[in-house]
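K.L.:
Dropping in coords31.csv, which is CSV, C-alpha atoms:
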chain,number,residue,atom,x,y,z
C,1353,MET,CA,29.3,-53.9,41.7
C,1354,ASP,CA,27.3,-54.8,38.6
C,1355,SER,CA,28.4,-52.0,36.2
C,1356,ILE,CA,30.3,-52.9,33.1
C,1357,LEU,CA,32.8,-50.1,33.8
C,1358,TYR,CA,33.6,-51.5,37.3
C,1359,LYS,CA,34.0,-55.1,36.0
C,1360,THR,CA,36.2,-53.9,33.1
C,1361,LEU,CA,38.6,-51.9,35.3
C,1362,THR,CA,38.9,-54.5,38.0
C,1363,GLY,CA,39.5,-57.1,35.3
C,1364,LEU,CA,42.2,-55.1,33.7
C,1365,ASN,CA,43.8,-54.3,37.1
C,1366,PRO,CA,45.9,-51.4,35.7
C,1367,ASP,CA,48.9,-49.9,37.4
C,1368,PHE,CA,47.8,-46.4,36.4
C,1369,LEU,CA,44.4,-45.0,35.6
C,1370,ILE,CA,44.0,-41.7,33.8
C,1371,ILE,CA,40.6,-40.1,34.2
C,1372,ASP,CA,40.0,-37.6,31.5
C,1373,MET,CA,37.3,-35.3,32.9
C,1374,LEU,CA,34.6,-37.9,33.7
C,1375,TRP,CA,35.2,-38.1,37.5
C,1376,PHE,CA,31.5,-38.9,38.2
C,1377,SER,CA,31.6,-42.2,36.3
C,1378,LEU,CA,33.9,-43.7,38.9
C,1379,TYR,CA,32.7,-41.8,41.9
C,1380,HIS,CA,31.2,-44.7,43.8
C,1381,PHE,CA,34.0,-47.2,43.4
C,1382,ILE,CA,37.2,-45.4,42.6
C,1383,ASP,CA,38.5,-46.0,46.2
C,1384,GLU,CA,38.3,-49.7,45.6
C,1385,LEU,CA,40.8,-49.5,42.7
C,1386,LYS,CA,44.4,-50.1,44.0
C,1387,CYS,CA,46.1,-48.4,41.1
C,1388,ARG,CA,47.5,-44.9,40.9
C,1389,LYS,CA,44.8,-42.5,39.7
C,1390,ILE,CA,45.5,-39.3,37.7
C,1391,PHE,CA,42.7,-36.9,36.9
C,1392,ILE,CA,43.2,-34.5,33.9
C,1393,CYS,CA,41.0,-31.6,33.1
C,1394,HIS,CA,40.8,-28.8,30.6
C,1395,ASN,CA,39.0,-25.4,31.2
C,1396,VAL,CA,35.6,-26.0,32.8
C,1397,MET,CA,33.1,-24.1,34.8
C,1398,GLU,CA,32.6,-24.7,38.5
C,1399,LYS,CA,29.3,-26.5,37.9
C,1400,PHE,CA,31.2,-29.3,36.2
C,1401,PHE,CA,32.5,-30.5,39.6
C,1402,PHE,CA,28.9,-31.0,40.9
C,1403,VAL,CA,26.1,-33.3,39.9
C,1404,ASN,CA,22.6,-32.8,41.3
C,1405,LEU,CA,20.8,-36.1,41.8
C,1406,PRO,CA,17.4,-36.9,43.3
C,1407,GLY,CA,19.2,-38.5,46.3
C,1408,GLY,CA,21.6,-35.6,46.8
C,1409,LYS,CA,24.6,-33.8,45.3
C,1410,LEU,CA,27.7,-35.5,44.1
C,1411,LYS,CA,30.9,-33.4,44.4
C,1412,ILE,CA,34.3,-34.4,43.1
C,1413,LYS,CA,36.7,-35.6,45.9
C,1414,PRO,CA,40.3,-34.6,45.0
C,1415,ALA,CA,41.5,-36.9,47.8
C,1416,GLN,CA,40.4,-39.9,45.6
C,1417,TYR,CA,43.3,-39.1,43.2
C,1418,ASP,CA,47.0,-39.4,43.4
C,1419,LEU,CA,47.4,-36.4,41.2
C,1420,LEU,CA,45.1,-33.8,39.5
C,1421,LEU,CA,46.4,-32.0,36.4
C,1422,SER,CA,45.0,-29.0,34.5
C,1423,VAL,CA,45.9,-29.5,30.8
C,1424,GLU,CA,45.4,-25.8,29.7
C,1425,PRO,CA,45.6,-22.5,31.6
C,1426,PHE,CA,42.5,-21.9,33.8
C,1427,THR,CA,41.7,-21.6,37.5
C,1428,CYS,CA,39.0,-23.3,39.5
C,1429,SER,CA,38.3,-24.3,43.1
C,1430,ILE,CA,39.9,-27.7,42.7
C,1431,PRO,CA,43.7,-27.7,43.3
C,1432,MET,CA,45.5,-29.0,40.2
C,1433,LYS,CA,49.0,-29.0,38.9
C,1434,PRO,CA,49.3,-27.3,35.5
C,1435,VAL,CA,50.9,-29.1,32.5
C,1436,ASN,CA,51.0,-27.9,28.9
C,1437,PRO,CA,48.1,-28.8,26.6
C,1438,ILE,CA,48.1,-32.4,25.4
C,1439,LEU,CA,48.6,-32.7,21.6
C,1440,LEU,CA,48.3,-35.6,19.1
C,1441,ARG,CA,51.6,-34.7,17.5
C,1442,ASN,CA,54.9,-33.0,18.2
C,1443,ARG,CA,56.4,-30.7,15.5
C,1444,ASP,CA,58.8,-33.3,14.2
C,1445,GLU,CA,56.0,-35.9,13.9
C,1446,ILE,CA,53.9,-34.5,11.1
C,1447,TYR,CA,54.3,-34.6,7.3
C,1448,SER,CA,56.9,-32.4,5.6
C,1449,ARG,CA,55.4,-29.6,3.5
C,1450,ASP,CA,56.3,-31.5,0.3
C,1451,ASP,CA,54.8,-34.8,1.6
C,1452,ALA,CA,51.6,-33.0,2.7
C,1453,LEU,CA,51.2,-31.2,-0.6
C,1454,GLN,CA,51.5,-34.5,-2.4
C,1455,LYS,CA,49.0,-36.3,-0.1
C,1456,LEU,CA,46.5,-33.4,-0.6
C,1457,GLY,CA,47.0,-33.2,-4.3
C,1458,LEU,CA,48.2,-29.6,-4.2
C,1459,ASP,CA,51.0,-28.1,-6.4
C,1460,GLY,CA,52.1,-25.5,-3.8
C,1461,LYS,CA,51.8,-22.5,-6.2
C,1462,ARG,CA,49.3,-20.7,-4.0
C,1463,GLU,CA,49.2,-20.2,-0.3
C,1464,VAL,CA,46.9,-22.7,1.4
C,1465,CYS,CA,44.1,-22.1,3.9
C,1466,LEU,CA,42.6,-24.8,6.0
C,1467,TYR,CA,38.9,-24.5,6.9
C,1468,ALA,CA,38.1,-27.2,9.5
C,1469,PHE,CA,35.1,-27.6,11.9
C,1470,ASN,CA,34.5,-30.8,13.9
C,1471,ASN,CA,32.6,-29.4,16.9
C,1472,HIS,CA,28.9,-29.6,16.4
C,1473,PRO,CA,27.0,-31.1,13.4
C,1474,GLY,CA,26.2,-28.1,11.1
C,1475,ASP,CA,29.1,-25.9,12.2
C,1476,PHE,CA,31.0,-26.7,9.0
C,1477,ASP,CA,28.2,-25.2,6.9
C,1478,ARG,CA,27.3,-22.5,9.3
C,1479,TYR,CA,30.5,-20.5,9.0
C,1480,LYS,CA,31.4,-21.4,5.4
C,1481,LYS,CA,29.7,-18.4,3.8
C,1482,LYS,CA,31.4,-16.0,6.2
C,1483,TYR,CA,34.8,-17.1,5.1
C,1484,SER,CA,34.0,-17.6,1.4
C,1485,TYR,CA,36.0,-14.5,0.5
C,1486,LEU,CA,39.2,-16.5,1.4
C,1487,GLU,CA,38.8,-18.5,-1.8
C,1488,SER,CA,40.0,-15.5,-3.8
C,1489,VAL,CA,43.2,-15.4,-1.7
C,1490,TYR,CA,44.1,-19.0,-0.9
C,1491,ARG,CA,43.8,-22.5,-2.2
C,1492,MET,CA,41.2,-23.8,0.2
C,1493,VAL,CA,41.2,-27.2,2.0
C,1494,TYR,CA,37.8,-27.9,3.5
C,1495,THR,CA,37.4,-30.7,6.0
C,1496,THR,CA,35.0,-32.0,8.7
C,1497,ASN,CA,35.1,-35.3,10.5
C,1498,TYR,CA,31.3,-35.5,10.1
C,1499,GLN,CA,32.0,-36.0,6.4
C,1500,GLY,CA,35.0,-38.3,6.5
C,1501,GLY,CA,37.5,-35.5,6.6
C,1502,LEU,CA,41.3,-35.4,7.2
C,1503,PHE,CA,42.2,-37.1,10.5
C,1504,PRO,CA,44.3,-36.1,12.2
C,1505,VAL,CA,44.4,-32.9,10.3
C,1506,VAL,CA,47.4,-31.7,12.3
C,1507,ASP,CA,49.5,-34.1,10.2
C,1508,TYR,CA,49.1,-31.6,7.3
C,1509,PHE,CA,49.9,-28.4,9.2
C,1510,ASN,CA,53.2,-27.7,7.4
C,1511,VAL,CA,51.1,-26.9,4.3
C,1512,PHE,CA,48.7,-24.4,5.8
C,1513,ASP,CA,49.4,-20.6,5.8
C,1514,PHE,CA,46.1,-19.7,7.4
C,1515,ILE,CA,43.5,-21.7,9.4
C,1516,VAL,CA,39.9,-21.1,10.1
C,1517,CYS,CA,38.4,-23.4,12.8
C,1518,GLY,CA,36.4,-23.6,16.0
C,1519,ALA,CA,38.2,-23.0,19.3
C,1520,GLY,CA,37.7,-26.5,20.6
C,1521,TYR,CA,40.5,-27.9,22.7
C,1522,ASN,CA,42.4,-30.0,20.1
C,1523,MET,CA,42.3,-27.6,17.2
C,1524,PHE,CA,42.9,-24.5,19.3
C,1525,TRP,CA,46.0,-25.9,20.9
C,1526,GLU,CA,47.4,-27.4,17.8
C,1527,VAL,CA,47.2,-24.0,16.1
C,1528,ILE,CA,48.9,-22.3,19.0
C,1529,TYR,CA,51.6,-25.0,19.4
C,1530,PHE,CA,52.4,-25.0,15.6
C,1531,ARG,CA,52.3,-21.2,15.6
C,1532,LYS,CA,49.8,-20.8,12.8
C,1533,GLU,CA,47.9,-17.7,11.9
C,1534,ALA,CA,44.2,-18.4,12.4
C,1535,ALA,CA,40.7,-17.2,12.8
C,1536,PHE,CA,38.8,-18.9,15.7
C,1537,GLU,CA,35.1,-19.3,16.0
C,1538,ASN,CA,33.4,-19.5,19.4
C,1539,PHE,CA,30.6,-22.1,19.9
C,1540,PRO,CA,28.5,-22.9,23.0
C,1541,LEU,CA,29.4,-25.7,25.3
C,1542,LYS,CA,27.6,-26.8,28.5
C,1543,PHE,CA,30.6,-26.9,30.9
C,1544,SER,CA,33.4,-24.9,29.3
C,1545,SER,CA,33.9,-21.7,27.3
C,1546,THR,CA,35.6,-21.4,23.9
C,1547,GLU,CA,35.3,-17.7,24.3
C,1548,HIS,CA,37.5,-17.9,27.4
C,1549,ARG,CA,40.1,-19.9,25.5
C,1550,ILE,CA,40.1,-17.3,22.6
C,1551,ASP,CA,40.2,-14.3,24.9
C,1552,ASN,CA,42.8,-15.6,27.4
C,1553,CYS,CA,45.0,-18.2,25.8
C,1554,ARG,CA,46.0,-17.0,22.4
C,1555,ASP,CA,49.3,-15.6,23.7
C,1556,PHE,CA,50.2,-18.7,25.7
C,1557,VAL,CA,53.5,-20.1,24.4
C,1558,PHE,CA,54.8,-23.6,25.0
C,1559,ASP,CA,57.2,-25.9,23.3
C,1560,GLU,CA,56.8,-29.2,25.2
C,1561,ASN,CA,53.8,-31.3,24.5
C,1562,GLY,CA,51.7,-31.9,27.6
C,1563,GLY,CA,51.4,-35.5,26.6
C,1564,ASP,CA,55.2,-35.9,27.0
C,1565,GLN,CA,55.0,-34.2,30.3
C,1566,LEU,CA,52.4,-36.6,31.4
C,1567,VAL,CA,54.5,-39.5,30.5
C,1568,ASP,CA,57.4,-38.1,32.6
C,1569,ILE,CA,55.1,-37.5,35.5
C,1570,ILE,CA,53.8,-41.1,35.4
C,1571,MET,CA,57.3,-42.5,35.2
C,1572,GLY,CA,58.2,-40.5,38.3
C,1573,LEU,CA,55.3,-41.7,40.5
Translate the structure of the given file into structure tokens.
P.N.:
Amino acid sequence: MDSILYKTLTGLNPDFLIIDMLWFSLYHFIDELKCRKIFICHNVMEKFFFVNLPGGKLKIKPAQYDLLLSVEPFTCSIPMKPVNPILLRNRDEIYSRDDALQKLGLDGKREVCLYAFNNHPGDFDRYKKKYSYLESVYRMVYTTNYQGGLFPVVDYFNVFDFIVCGAGYNMFWEVIYFRKEAAFENFPLKFSSTEHRIDNCRDFVFDENGGDQLVDIIMGL
């Protein structure tokens, strides 16, 4: 194998390999890797599990993995064990309200609204006018990673009384986990649906970070 990915993985010789979505990048040599392999996947359409190539169709092979996990509620033809969404922070790992206010340069005299879009270039400006009326109600905090914004913005969640954001995986599940009132915007994706997430997952309740569940699963293998 001449690929950089193959040489890197065989050189590292890991005990565990977590494949986040991109099953096709290891398709031709994953069986040669002697480590435990865990595939994790968020809500995707069925077409994600197939790749049409000039020489034929590639299809994911669940048997190539020791474990397949879905990291948000959804159903598909591939059998997966569900775990909770994976988050960057637990509730006790972010700034206190006072610390976050200080870091953001806010006095806390008004309720605070976060307006955050990191999905596609241009989304930040596309929806800004729609929500401009909130400036009369809240002290606004605007951020986008395309312009060097707050990262990770979840660190400041104890400050925010209302959030406006896209329904991408990270922002959506951080809002749900931290039980924030929010307005979500749908945006098109090739292999998954933010509309499905908004329509079907807003009432999903969980307290344990899927990242912590994943650690427990790995330790038990």
K.L.:
I need the residue nearest Gly1520 (chain C) from this list: C:Asp1383, C:Glu1424, C:Glu1487, C:Asp1354. Use only C-alpha atoms for the distance.
P.N.:
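Of C:Asp1383, C:Glu1424, C:Glu1487, C:Asp1354, the one nearest Gly1520 (chain C) is C:Glu1424, counting only C-alpha atoms.
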K.L.:
Fewer than 3 positions away in the same chain doesn't count, so skip those; otherwise give me all residues within 9 Å of Pro1366 (chain C), counting all atoms listed in the file, as a PyMOL selection string.
P.N.:
chain C and resi 1361-1363+1369+1385-1388
K.L.:
Since we have the selection now, will you write its residues out, keeping C-alpha atoms, as a PDB file, keeping the file's coordinate frame?
P.N.:
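Wrote out_38.pdb, looks like this:
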ATOM      1  CA  LEU C1361      38.600 -51.900  35.300  1.00  0.00           C
ATOM      2  CA  THR C1362      38.900 -54.500  38.000  1.00  0.00           C
ATOM      3  CA  GLY C1363      39.500 -57.100  35.300  1.00  0.00           C
ATOM      4  CA  LEU C1369      44.400 -45.000  35.600  1.00  0.00           C
ATOM      5  CA  LEU C1385      40.800 -49.500  42.700  1.00  0.00           C
ATOM      6  CA  LYS C1386      44.400 -50.100  44.000  1.00  0.00           C
ATOM      7  CA  CYS C1387      46.100 -48.400  41.100  1.00  0.00           C
ATOM      8  CA  ARG C1388      47.500 -44.900  40.900  1.00  0.00           C
TER       9      ARG C1388
END
K.L.:
List the spatial neighbours of Arg1554 (chain C) as a count of residues only - criterion: any atom at most 9 Å away, only C-alpha atoms, same-chain residues fewer than 5 positions off excluded.
P.N.:
3
K.L.:
Counting all atoms listed in the file, what are the residues of region 1381-1467 of chain C within 12 Å of region 1530-1535 of chain C, and for each of them which pair of atoms is the nearest and at what distance in Å, to one decimal? Sort the table by chain and rising number, as a Markdown table.
P.N.:
| residue | atom | partner | partner_atom | distance |
| --- | --- | --- | --- | --- |
| C:Leu1439 | CA | C:Phe1530 | CA | 10.5 |
| C:Leu1440 | CA | C:Phe1530 | CA | 11.9 |
| C:Arg1441 | CA | C:Phe1530 | CA | 9.9 |
| C:Asn1442 | CA | C:Phe1530 | CA | 8.8 |
| C:Arg1443 | CA | C:Phe1530 | CA | 7.0 |
| C:Asp1444 | CA | C:Phe1530 | CA | 10.6 |
| C:Glu1445 | CA | C:Phe1530 | CA | 11.6 |
| C:Ile1446 | CA | C:Phe1530 | CA | 10.6 |
| C:Val1464 | CA | C:Glu1533 | CA | 11.7 |
| C:Cys1465 | CA | C:Ala1534 | CA | 9.3 |
| C:Leu1466 | CA | C:Ala1534 | CA | 9.2 |
| C:Tyr1467 | CA | C:Ala1535 | CA | 9.6 |
K.L.:
Between CA of Tyr1358 (chain C) and CA of Asp1372 (chain C), what is the distance, to one decimal in Å?
P.N.:
16.4 Å
K.L.:
Expressed in Å to a single decimal, how great is the separation between CA of Met1571 (chain C) and CA of Leu1374 (chain C)?
P.N.:
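These two atoms are separated by 23.2 Å.
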K.L.:
Rounded to one decimal place, report the CA of Ile1569 (chain C)-CA of Lys1411 (chain C) distance in Å.
P.N.:
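Straight-line distance from CA of Ile1569 (chain C) to CA of Lys1411 (chain C) works out to 26.1 Å.
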K.L.:
Show me, as an NGL selection string, the residues that have an atom within 10 Å of Ala1519 (chain C) when counting only C-alpha atoms, minus same-chain residues fewer than 5 positions from it.
P.N.:
:C and (1469 or 1471 or 1524-1525 or 1527 or 1535-1539 or 1545-1550)
K.L.:
In terms of the shortest atom-to-atom distance over only C-alpha atoms, which of C:Gly1562, C:Gly1518, C:Gly1500, C:Gly1460 is closest to Pro1434 (chain C)?
P.N.:
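Checking each of C:Gly1562, C:Gly1518, C:Gly1500, C:Gly1460 against Pro1434 (chain C), counting only C-alpha atoms, the winner is C:Gly1562.
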K.L.:
For Lys1399 (chain C), which of C:Lys1542, C:Tyr1494, C:Asn1522, C:Leu1486 is the closest residue, counting only C-alpha atoms?
P.N.:
C:Lys1542
K.L.:
Restricting the calculation to only C-alpha atoms, which member of C:Ile1392, C:Ile1382, C:Leu1566, C:Leu1453 is positioned closest to Asn1510 (chain C)?
P.N.:
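Counting only C-alpha atoms, the residue closest to Asn1510 (chain C) is C:Leu1453.
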K.L.:
Would you list the residues near (33.0, -26.2, 38.1) (no more than 10 Å away, in the coordinates of the file, using all atoms listed in the file) as a list of chain:residue names?
P.N.:
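Checked against the point, the hits come out as C:Asn1395, C:Val1396, C:Met1397, C:Glu1398, C:Lys1399, C:Phe1400, C:Phe1401, C:Phe1402, C:Lys1411, C:Ile1412, C:Thr1427, C:Cys1428, C:Ser1429, C:Ile1430, C:Phe1543, C:Ser1544.
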K.L.:
Which residues, written as a count of residues only, have at least one atom at most 12 Å from Leu1458 (chain C), with all atoms listed in the file counted and residues fewer than 2 positions away on the same chain left out?
P.N.:
21
K.L.:
Within 12 Å of (52.3, -18.6, 27.0) (file coordinates; all atoms listed in the file), which protein or nucleic acid residues are there? I'd like them as a list in words.
P.N.:
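Residues satisfying the cut-off, written out: Glu1424, Pro1425, Val1435, Asn1436, Pro1437, Trp1525, Ile1528, Tyr1529, Arg1531, Asn1552, Cys1553, Arg1554, Asp1555, Phe1556, Val1557, Phe1558, Asp1559 and Glu1560 of chain C.
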K.L.:
From the options C:Leu1420, C:Ile1370, C:Val1403, C:Phe1381, which residue's atoms come nearest to Leu1357 (chain C), counting only C-alpha atoms?
P.N.:
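The answer is C:Phe1381, which sits nearest to Leu1357 (chain C).
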K.L.:
Which one is closest to Asp1475 (chain C): C:Gln1565, C:Thr1496, C:Gln1416, C:Ser1488? Count all atoms listed in the file.
P.N.:
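Looking only at the distances to Asp1475 (chain C), the closest residue turns out to be C:Thr1496.
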